[in-house]
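Data block for start.txt (compact mmCIF, C-alpha atoms and all ligand atoms):
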```txt
# COMPACT_ATOMS: atom_id res chain seq x y z
CA MET P 13 -16.67 -11.22 3.77
CA PRO P 14 -17.78 -7.72 2.84
CA VAL P 15 -20.87 -9.00 0.99
CA GLN P 16 -22.21 -10.79 4.04
CA ALA P 17 -21.46 -7.80 6.17
CA SER P 18 -23.30 -5.58 3.69
CA ARG P 19 -26.37 -7.78 3.86
CA LYS P 20 -26.29 -7.68 7.61
CA VAL P 21 -26.07 -3.92 7.57
CA LEU P 22 -29.02 -3.61 5.21
CA LEU P 23 -31.15 -6.00 7.26
CA GLN P 24 -30.47 -4.01 10.35
CA ALA P 25 -31.13 -0.64 8.79
CA LYS P 26 -34.51 0.42 10.07
CA HIS P 27 -34.19 4.10 9.54
CA PRO P 28 -34.58 5.25 5.89
CA ALA P 29 -32.11 8.09 6.36
CA ARG P 30 -29.43 5.54 7.18
CA ILE P 31 -29.87 3.80 3.85
CA VAL P 32 -28.19 6.66 2.00
CA LEU P 33 -25.23 6.45 4.34
CA LEU P 34 -25.15 2.67 3.94
CA ALA P 35 -25.27 2.89 0.17
CA SER P 36 -22.14 5.00 0.15
CA ALA P 37 -20.51 2.57 2.55
CA LEU P 38 -21.35 -0.27 0.18
CA ILE P 39 -19.74 1.49 -2.73
CA GLY P 40 -16.62 1.69 -0.60
CA LEU P 41 -16.80 -2.01 0.19
CA VAL P 42 -17.24 -3.00 -3.43
CA SER P 43 -14.27 -0.92 -4.54
CA LEU P 44 -12.17 -2.46 -1.77
CA ALA P 45 -13.07 -5.92 -2.96
CA ALA P 46 -11.49 -5.06 -6.29
CA CYS P 47 -8.09 -4.45 -4.71
CA GLY P 48 -5.15 -6.82 -4.56
CA ARG P 49 -4.64 -9.90 -2.45
CA ALA P 50 -2.94 -7.87 0.23
CA GLU P 51 -6.14 -6.19 1.22
CA GLN P 52 -8.20 -9.32 0.79
CA ALA P 53 -5.84 -11.23 3.06
CA ARG P 54 -6.30 -8.73 5.86
CA PRO P 55 -8.99 -9.83 8.26
CA SER P 56 -11.48 -7.02 8.46
CA ALA P 57 -11.71 -5.80 12.01
CA SER P 58 -15.27 -4.58 11.78
CA VAL P 59 -16.54 -7.75 10.16
CA THR P 60 -14.79 -10.18 12.48
CA LYS P 61 -15.87 -8.21 15.51
CA SER P 62 -19.32 -7.41 14.18
CA GLY P 63 -21.19 -8.79 17.19
CA ALA P 64 -22.43 -5.31 17.95
CA GLY P 65 -24.07 -5.11 14.51
CA LEU P 66 -25.12 -1.81 13.02
CA GLN P 67 -23.77 0.19 15.92
CA ARG P 68 -20.33 -1.08 15.11
CA LEU P 69 -20.50 -0.98 11.33
CA VAL P 70 -21.99 2.48 11.08
CA PRO P 71 -20.58 4.41 14.00
CA SER P 72 -21.86 7.88 14.75
CA ASN P 73 -18.37 9.16 14.14
CA PRO P 74 -16.83 7.41 11.12
CA MET P 75 -13.45 8.92 11.97
CA MET P 76 -13.18 6.63 14.97
CA VAL P 77 -12.79 3.44 12.95
CA GLY P 78 -10.82 2.47 9.90
CA TYR P 79 -13.79 0.82 8.19
CA PRO P 80 -15.59 1.33 5.91
CA ARG P 81 -12.58 2.83 4.25
CA LEU P 82 -14.15 5.53 2.15
CA SER P 83 -12.12 7.99 0.19
CA LEU P 84 -13.18 11.34 1.48
CA PRO P 85 -12.21 14.85 0.49
CA MET P 86 -9.49 16.28 2.71
CA SER P 87 -11.97 18.66 4.32
CA GLN P 88 -13.79 15.68 5.83
CA LEU P 89 -10.62 13.93 6.90
CA GLY P 90 -9.65 16.56 9.42
CA ALA P 91 -7.01 18.24 7.26
CA GLU P 92 -7.07 21.15 9.71
CA THR P 93 -5.77 18.85 12.42
CA MET P 94 -3.25 16.93 10.32
CA PRO P 95 0.24 17.11 11.85
CA ALA P 96 2.71 19.38 10.07
CA ASP P 97 4.94 16.49 8.98
CA GLU P 98 1.99 14.75 7.29
CA VAL P 99 1.08 17.98 5.50
CA ALA P 100 4.70 18.42 4.38
CA CYS P 101 4.75 14.79 3.24
CA ARG P 102 1.76 15.39 0.97
CA ARG P 103 3.45 18.43 -0.47
CA GLU P 104 6.38 16.17 -1.32
CA LEU P 105 4.07 13.59 -2.94
CA LYS P 106 2.64 16.32 -5.16
CA ARG P 107 6.10 17.57 -6.02
CA LEU P 108 7.03 14.02 -7.06
CA GLY P 109 3.96 13.90 -9.31
CA VAL P 110 2.27 11.12 -7.35
CA THR P 111 -1.47 10.52 -7.80
CA TYR P 112 -2.96 9.54 -4.46
CA GLN P 113 -6.04 9.75 -2.29
CA ASP P 114 -6.19 10.39 1.42
CA LEU P 115 -7.96 7.58 3.23
CA ALA P 116 -9.68 7.56 6.61
CA PRO P 117 -7.49 6.37 9.49
CA ILE P 118 -6.88 2.62 9.60
CA ASN P 119 -6.97 0.83 12.92
CA ASP P 120 -7.32 -2.93 12.80
CA GLY P 121 -6.07 -3.51 16.33
CA GLY P 122 -2.62 -4.41 17.69
CA ALA P 123 0.19 -3.03 15.58
CA CYS P 124 -2.09 -2.74 12.57
CA SER P 125 -2.80 0.91 11.95
CA ILE P 126 -2.01 3.92 9.83
CA ASP P 127 -3.05 7.30 11.21
CA TYR P 128 -2.98 9.16 7.90
CA PRO P 129 -2.96 6.58 5.10
CA VAL P 130 -2.71 7.38 1.42
CA LYS P 131 -3.75 5.26 -1.52
CA VAL P 132 -1.22 5.60 -4.33
CA SER P 133 -2.45 4.83 -7.84
CA GLN P 134 0.20 6.49 -10.00
CA LEU P 135 3.81 7.60 -9.61
CA SER P 136 5.79 10.29 -11.37
CA GLY P 137 5.90 10.08 -15.14
CA GLY P 138 2.50 8.40 -15.26
CA ILE P 139 3.82 5.05 -13.96
CA ASN P 140 0.87 3.03 -12.72
CA MET P 141 0.76 1.25 -9.40
CA ALA P 142 -1.32 -1.89 -9.75
CA PRO P 143 -3.26 -2.43 -7.66
CA ALA P 144 -3.27 0.96 -5.95
CA ALA P 145 -1.19 0.73 -2.77
CA THR P 146 -2.32 1.75 0.72
CA LEU P 147 0.70 3.18 2.49
CA SER P 148 1.88 5.61 5.12
CA CYS P 149 2.77 8.91 3.47
CA ASP P 150 6.47 8.50 4.35
CA MET P 151 6.59 5.12 2.62
CA ALA P 152 4.79 6.55 -0.40
CA VAL P 153 7.42 9.29 -0.68
CA ALA P 154 10.29 6.79 -0.30
CA PHE P 155 8.87 4.52 -2.98
CA ALA P 156 7.98 7.36 -5.35
CA SER P 157 11.51 8.77 -5.01
CA TRP P 158 13.11 5.39 -5.72
CA THR P 159 10.87 4.90 -8.75
CA LYS P 160 11.62 8.34 -10.14
CA ASN P 161 15.34 8.47 -9.42
CA GLU P 162 16.40 4.84 -9.83
CA LEU P 163 13.89 2.51 -11.46
CA ALA P 164 12.65 4.72 -14.29
CA PRO P 165 16.08 6.01 -15.44
CA ASN P 166 17.61 2.54 -15.19
CA ALA P 167 14.85 1.02 -17.31
CA ARG P 168 15.33 3.76 -19.86
CA ARG P 169 19.09 3.24 -19.92
CA ARG P 170 18.92 -0.54 -20.26
CA TYR P 171 15.74 -1.06 -22.27
CA TRP P 172 15.18 2.27 -24.01
CA SER P 173 11.73 2.22 -22.52
CA GLY P 174 9.78 3.87 -19.76
CA VAL P 175 8.06 1.93 -17.00
CA LYS P 176 4.36 1.45 -17.58
CA THR P 177 3.21 -0.34 -14.43
CA ILE P 178 4.66 -1.53 -11.16
CA HIS P 179 2.77 -4.61 -10.05
CA GLN P 180 2.76 -4.80 -6.28
CA GLY P 181 1.83 -7.81 -4.20
CA SER P 182 1.28 -6.26 -0.80
CA SER P 183 1.09 -2.81 0.72
CA TYR P 184 -0.81 -2.28 3.98
CA SER P 185 -1.57 -5.72 5.37
CA CYS P 186 -2.26 -6.73 8.98
CA ARG P 187 0.19 -9.56 9.56
CA ARG P 188 3.34 -10.85 11.19
CA ILE P 189 6.66 -11.68 9.63
CA ASN P 190 6.56 -15.35 8.62
CA ARG P 191 7.43 -17.76 11.46
CA THR P 192 7.86 -14.94 13.98
CA ASN P 193 5.74 -12.96 16.39
CA VAL P 194 7.04 -9.68 15.04
CA ALA P 195 4.51 -7.41 13.35
CA SER P 196 5.49 -6.86 9.73
CA GLU P 197 6.13 -3.31 8.56
CA HIS P 198 3.21 -4.02 6.22
CA SER P 199 1.02 -3.67 9.33
CA LYS P 200 1.95 0.01 9.53
CA GLY P 201 1.79 0.74 5.82
CA ASN P 202 5.57 1.12 5.83
CA ALA P 203 6.28 -1.68 3.38
CA LEU P 204 5.66 -2.55 -0.24
CA ASP P 205 6.30 -5.75 -2.21
CA VAL P 206 7.18 -5.40 -5.89
CA MET P 207 6.39 -8.49 -7.95
CA ARG P 208 6.75 -7.39 -11.56
CA ILE P 209 7.81 -4.39 -13.59
CA GLU P 210 6.01 -3.83 -16.87
CA LEU P 211 7.66 -1.59 -19.46
CA ASN P 212 6.06 0.59 -22.12
CA ASN P 213 7.63 -1.57 -24.84
CA GLY P 214 5.61 -4.56 -23.63
CA ARG P 215 8.41 -6.24 -21.76
CA ASP P 216 7.58 -7.76 -18.42
CA ILE P 217 10.31 -8.14 -15.85
CA LYS P 218 9.47 -10.52 -13.05
CA VAL P 219 11.31 -10.03 -9.80
CA GLU P 220 12.99 -13.41 -9.52
CA LYS P 221 16.40 -14.92 -9.98
CA GLN P 222 17.24 -14.35 -13.64
CA GLY P 223 18.88 -16.88 -15.92
CA LEU P 224 22.58 -16.71 -16.64
CA PHE P 225 22.05 -15.01 -20.00
CA ALA P 226 19.35 -12.59 -18.98
CA PHE P 227 21.93 -9.83 -18.74
CA ARG P 228 19.65 -6.85 -19.01
CA ALA P 229 16.97 -8.06 -16.62
CA ARG P 230 19.58 -9.15 -14.11
CA GLY P 231 21.43 -5.87 -14.45
CA LEU P 232 18.28 -3.83 -13.95
CA LEU P 233 17.05 -5.80 -10.95
CA ASN P 234 20.43 -5.88 -9.25
CA THR P 235 20.98 -2.18 -9.75
CA VAL P 236 17.61 -0.93 -8.59
CA ARG P 237 17.72 -3.30 -5.63
CA ALA P 238 21.12 -1.99 -4.53
CA ASP P 239 19.99 1.61 -5.06
CA GLY P 240 16.97 0.85 -2.88
CA CYS P 241 19.23 0.90 0.17
CA ASP P 242 19.47 4.69 -0.16
CA TYR P 243 15.69 5.05 0.13
CA PHE P 244 14.55 2.25 2.41
CA THR P 245 15.93 0.71 5.60
CA THR P 246 15.07 -2.83 4.52
CA VAL P 247 15.53 -4.27 1.05
CA LEU P 248 14.99 -8.01 0.60
CA GLY P 249 14.62 -10.02 -2.57
CA PRO P 250 15.42 -13.22 -4.46
CA GLY P 251 18.37 -15.04 -2.95
CA TYR P 252 17.65 -13.83 0.59
CA ASN P 253 15.21 -16.58 1.55
CA ALA P 254 12.36 -18.58 0.05
CA ASP P 255 9.79 -16.01 1.23
CA HIS P 256 11.37 -13.38 -1.01
CA ALA P 257 12.20 -15.52 -4.05
CA ASP P 258 9.58 -13.80 -6.21
CA HIS P 259 9.50 -10.18 -5.07
CA PHE P 260 11.37 -7.24 -3.63
CA HIS P 261 10.31 -6.25 -0.14
CA PHE P 262 11.02 -2.61 0.65
CA ASP P 263 10.30 -0.99 3.99
CA ILE P 264 11.20 2.01 6.11
CA LYS P 265 11.39 0.27 9.48
CA ASP P 266 12.66 2.71 12.08
CA ARG P 267 15.81 1.23 13.60
CA ARG P 268 17.31 3.10 16.52
CA ASN P 269 20.90 2.49 15.46
CA GLY P 270 20.24 3.57 11.89
CA TYR P 271 21.06 0.05 10.68
CA ARG P 272 19.92 -0.85 7.18
CA ALA P 273 19.12 -4.39 6.14
CA CYS P 274 19.98 -4.75 2.47
CA ARG P 275 20.15 -8.40 1.49
ZN ZN V 301 6.90 -7.49 2.17
```
Using the file provided, produce a representation of the structure as structure tokens.
Ligand SMILES: [Zn+2]
Amino acid sequence: MPVQASRKVLLQAKHPARIVLLASALIGLVSLAACGRAEQARPSASVTKSGAGLQRLVPSNPMMVGYPRLSLPMSQLGAETMPADEVACRRELKRLGVTYQDLAPINDGGACSIDYPVKVSQLSGGINMAPAATLSCDMAVAFASWTKNELAPNARRRYWSGVKTIHQGSSYSCRRINRTNVASEHSKGNALDVMRIELNNGRDIKVEKQGLFAFRARGLLNTVRADGCDYFTTVLGPGYNADHADHFHFDIKDRRNGYRACR
């Protein structure tokens, strides 16, 4: 747990100058603890492998590890060396009106990494993302585009209301697909689970199989799910299997044959 790790760090800090650095790391840890279950579920690489103690938790070059995951200004994140496609992606996020922060690289071992992660807290039109989602930039653009072009207009058309908050259940998360050995797209920040859509008029639409007479909710969910296939390569939801009975899973898995899994 981050708290234990923090204590360990403090105990091992002998040099006063390091305490300032540690204090800022702690602020990062505390803010992480406030995030959704996705991030809590992820085993923290630096804590589980903390045998090396301070050396490991406070490396001389913080860019070499994904933890502590501080939000730094772009100038400290090596913006000069960011690949052109990542720079272009951020331009697209801004064009879409997305509020995001660049995070330090994530590398939790195995398939679990994002080279240039972003933390998305708001989408176009002031739609909140709760909790803020840690994603690859490409996934952030795909999701922001779907929200802007499909979800928001459909909600307006069917409910005469804008979308206030998208409640997500999992963004970046180091894990495998249930009952398989295959790394989930969540491990690369290329997936997002949508649990609930909250409208400005107070209505709450849970992503689940809707009753026979819930025409509007069913219409909205079916439509935005089908439209999702234009933005993502995988769209799963209620009716697919028990694992997806209570949320939409969207991802941008790269399939060589261009196949899309929309179920
Ligand atoms: Zn998922």
Surrounding residues as a list in words, ligand ZN 301 (chain V), max 8 Å, only C-alpha atoms and all ligand atoms:
Ser182, Ser183, Ser196, Glu197, His198, Ala203, Leu204, Asp205, Phe260, His261, Phe262 and Asp263 of chain P
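Using all atoms listed in the file, the nearest neighbour of Lys131 of chain P within the list P:Arg188, P:Arg102, P:Arg215, P:Arg228 is P:Arg102.
Shortest atom-to-atom contact with Ala167 of chain P among P:Ala123, P:Leu224, P:Leu211, P:Leu115: P:Leu211, counting only C-alpha atoms.
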Around the point (-6.6, 4.5, -3.8) in the file's coordinates, collect all residues with an atom within 9 Å, using all atoms listed in the file, and return them as a PDB file with C-alpha atoms, in the coordinates of the input.
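Output file result29.pdb is given in full below:
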```pdb
ATOM      1  CA  SER P  83     -12.120   7.990   0.190  1.00  0.00           C
ATOM      2  CA  THR P 111      -1.470  10.520  -7.800  1.00  0.00           C
ATOM      3  CA  TYR P 112      -2.960   9.540  -4.460  1.00  0.00           C
ATOM      4  CA  GLN P 113      -6.040   9.750  -2.290  1.00  0.00           C
ATOM      5  CA  ASP P 114      -6.190  10.390   1.420  1.00  0.00           C
ATOM      6  CA  LEU P 115      -7.960   7.580   3.230  1.00  0.00           C
ATOM      7  CA  VAL P 130      -2.710   7.380   1.420  1.00  0.00           C
ATOM      8  CA  LYS P 131      -3.750   5.260  -1.520  1.00  0.00           C
ATOM      9  CA  VAL P 132      -1.220   5.600  -4.330  1.00  0.00           C
ATOM     10  CA  SER P 133      -2.450   4.830  -7.840  1.00  0.00           C
ATOM     11  CA  PRO P 143      -3.260  -2.430  -7.660  1.00  0.00           C
ATOM     12  CA  ALA P 144      -3.270   0.960  -5.950  1.00  0.00           C
ATOM     13  CA  ALA P 145      -1.190   0.730  -2.770  1.00  0.00           C
ATOM     14  CA  THR P 146      -2.320   1.750   0.720  1.00  0.00           C
TER      15      THR P 146
END
```
For a cut-off of 12 Å around (7.3, 17.9, -9.9), file coordinates, pick out all residues using all atoms listed in the file and list them as a PyMOL selection string.
chain P and resi 103-111+135-138+156-157+160
Emit the selected residues as a CSV table (one decimal), in the coordinates of the input, including C-alpha atoms.
```csv
chain,number,residue,atom,x,y,z
P,103,ARG,CA,3.4,18.4,-0.5
P,104,GLU,CA,6.4,16.2,-1.3
P,105,LEU,CA,4.1,13.6,-2.9
P,106,LYS,CA,2.6,16.3,-5.2
P,107,ARG,CA,6.1,17.6,-6.0
P,108,LEU,CA,7.0,14.0,-7.1
P,109,GLY,CA,4.0,13.9,-9.3
P,110,VAL,CA,2.3,11.1,-7.4
P,111,THR,CA,-1.5,10.5,-7.8
P,135,LEU,CA,3.8,7.6,-9.6
P,136,SER,CA,5.8,10.3,-11.4
P,137,GLY,CA,5.9,10.1,-15.1
P,138,GLY,CA,2.5,8.4,-15.3
P,156,ALA,CA,8.0,7.4,-5.4
P,157,SER,CA,11.5,8.8,-5.0
P,160,LYS,CA,11.6,8.3,-10.1
```
When you look at Ser148 of chain P with a cut-off of 7 Å (counting only C-alpha atoms), what residues show up, excluding the ones that are within fewer than 3 positions of it in the same chain? I need them as an NGL selection string.
:P and (126 or 128-130 or 151-152 or 201-202)
Could the residues in this selection be saved with C-alpha atoms as a PDB file, in the frame of the given file?
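Produced file selection.pdb, reproduced below:
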```pdb
ATOM      1  CA  ILE P 126      -2.010   3.920   9.830  1.00  0.00           C
ATOM      2  CA  TYR P 128      -2.980   9.160   7.900  1.00  0.00           C
ATOM      3  CA  PRO P 129      -2.960   6.580   5.100  1.00  0.00           C
ATOM      4  CA  VAL P 130      -2.710   7.380   1.420  1.00  0.00           C
ATOM      5  CA  MET P 151       6.590   5.120   2.620  1.00  0.00           C
ATOM      6  CA  ALA P 152       4.790   6.550  -0.400  1.00  0.00           C
ATOM      7  CA  GLY P 201       1.790   0.740   5.820  1.00  0.00           C
ATOM      8  CA  ASN P 202       5.570   1.120   5.830  1.00  0.00           C
TER       9      ASN P 202
END
```
Identify, on the basis of all atoms listed in the file, every residue whose closest approach to segment 237-253 of chain P does not exceed 10 Å; exclude the query and any residue fewer than 4 positions from it along the same chain; express the result as a ChimeraX atom specification.
/P:151,153-159,161-163,197,202-203,205-207,219-222,231-233,257-267,270-275
Would you export the selected residues with C-alpha atoms as an mmCIF file, keeping the file's coordinate frame, please?
```cif
data_model
loop_
_atom_site.group_PDB
_atom_site.id
_atom_site.type_symbol
_atom_site.label_atom_id
_atom_site.label_comp_id
_atom_site.auth_asym_id
_atom_site.auth_seq_id
_atom_site.Cartn_x
_atom_site.Cartn_y
_atom_site.Cartn_z
ATOM 1 C CA MET P 151 6.590 5.120 2.620
ATOM 2 C CA VAL P 153 7.420 9.290 -0.680
ATOM 3 C CA ALA P 154 10.290 6.790 -0.300
ATOM 4 C CA PHE P 155 8.870 4.520 -2.980
ATOM 5 C CA ALA P 156 7.980 7.360 -5.350
ATOM 6 C CA SER P 157 11.510 8.770 -5.010
ATOM 7 C CA TRP P 158 13.110 5.390 -5.720
ATOM 8 C CA THR P 159 10.870 4.900 -8.750
ATOM 9 C CA ASN P 161 15.340 8.470 -9.420
ATOM 10 C CA GLU P 162 16.400 4.840 -9.830
ATOM 11 C CA LEU P 163 13.890 2.510 -11.460
ATOM 12 C CA GLU P 197 6.130 -3.310 8.560
ATOM 13 C CA ASN P 202 5.570 1.120 5.830
ATOM 14 C CA ALA P 203 6.280 -1.680 3.380
ATOM 15 C CA ASP P 205 6.300 -5.750 -2.210
ATOM 16 C CA VAL P 206 7.180 -5.400 -5.890
ATOM 17 C CA MET P 207 6.390 -8.490 -7.950
ATOM 18 C CA VAL P 219 11.310 -10.030 -9.800
ATOM 19 C CA GLU P 220 12.990 -13.410 -9.520
ATOM 20 C CA LYS P 221 16.400 -14.920 -9.980
ATOM 21 C CA GLN P 222 17.240 -14.350 -13.640
ATOM 22 C CA GLY P 231 21.430 -5.870 -14.450
ATOM 23 C CA LEU P 232 18.280 -3.830 -13.950
ATOM 24 C CA LEU P 233 17.050 -5.800 -10.950
ATOM 25 C CA ALA P 257 12.200 -15.520 -4.050
ATOM 26 C CA ASP P 258 9.580 -13.800 -6.210
ATOM 27 C CA HIS P 259 9.500 -10.180 -5.070
ATOM 28 C CA PHE P 260 11.370 -7.240 -3.630
ATOM 29 C CA HIS P 261 10.310 -6.250 -0.140
ATOM 30 C CA PHE P 262 11.020 -2.610 0.650
ATOM 31 C CA ASP P 263 10.300 -0.990 3.990
ATOM 32 C CA ILE P 264 11.200 2.010 6.110
ATOM 33 C CA LYS P 265 11.390 0.270 9.480
ATOM 34 C CA ASP P 266 12.660 2.710 12.080
ATOM 35 C CA ARG P 267 15.810 1.230 13.600
ATOM 36 C CA GLY P 270 20.240 3.570 11.890
ATOM 37 C CA TYR P 271 21.060 0.050 10.680
ATOM 38 C CA ARG P 272 19.920 -0.850 7.180
ATOM 39 C CA ALA P 273 19.120 -4.390 6.140
ATOM 40 C CA CYS P 274 19.980 -4.750 2.470
ATOM 41 C CA ARG P 275 20.150 -8.400 1.490
#
```
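Taking atom CA of Thr192 of chain P and atom CA of His179 of chain P as endpoints, the distance between them is 26.6 Å.
Among the candidate residues P:Thr93, P:Asn212, P:Asn269, P:Asn234, the one lying nearest to Gly174 of chain P is P:Asn212, with distances computed using all atoms listed in the file.
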Distance atom CA of Lys176 of chain P-atom CA of Ala164 of chain P, one decimal place?
9.5 Å
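What separates atom CA of Ser173 of chain P from atom CA of Glu210 of chain P is a distance of 10.1 Å.
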Closest to Asp216 of chain P among P:Ala254, P:Ile178, P:Pro165, P:Ala142, using only C-alpha atoms?
P:Ile178
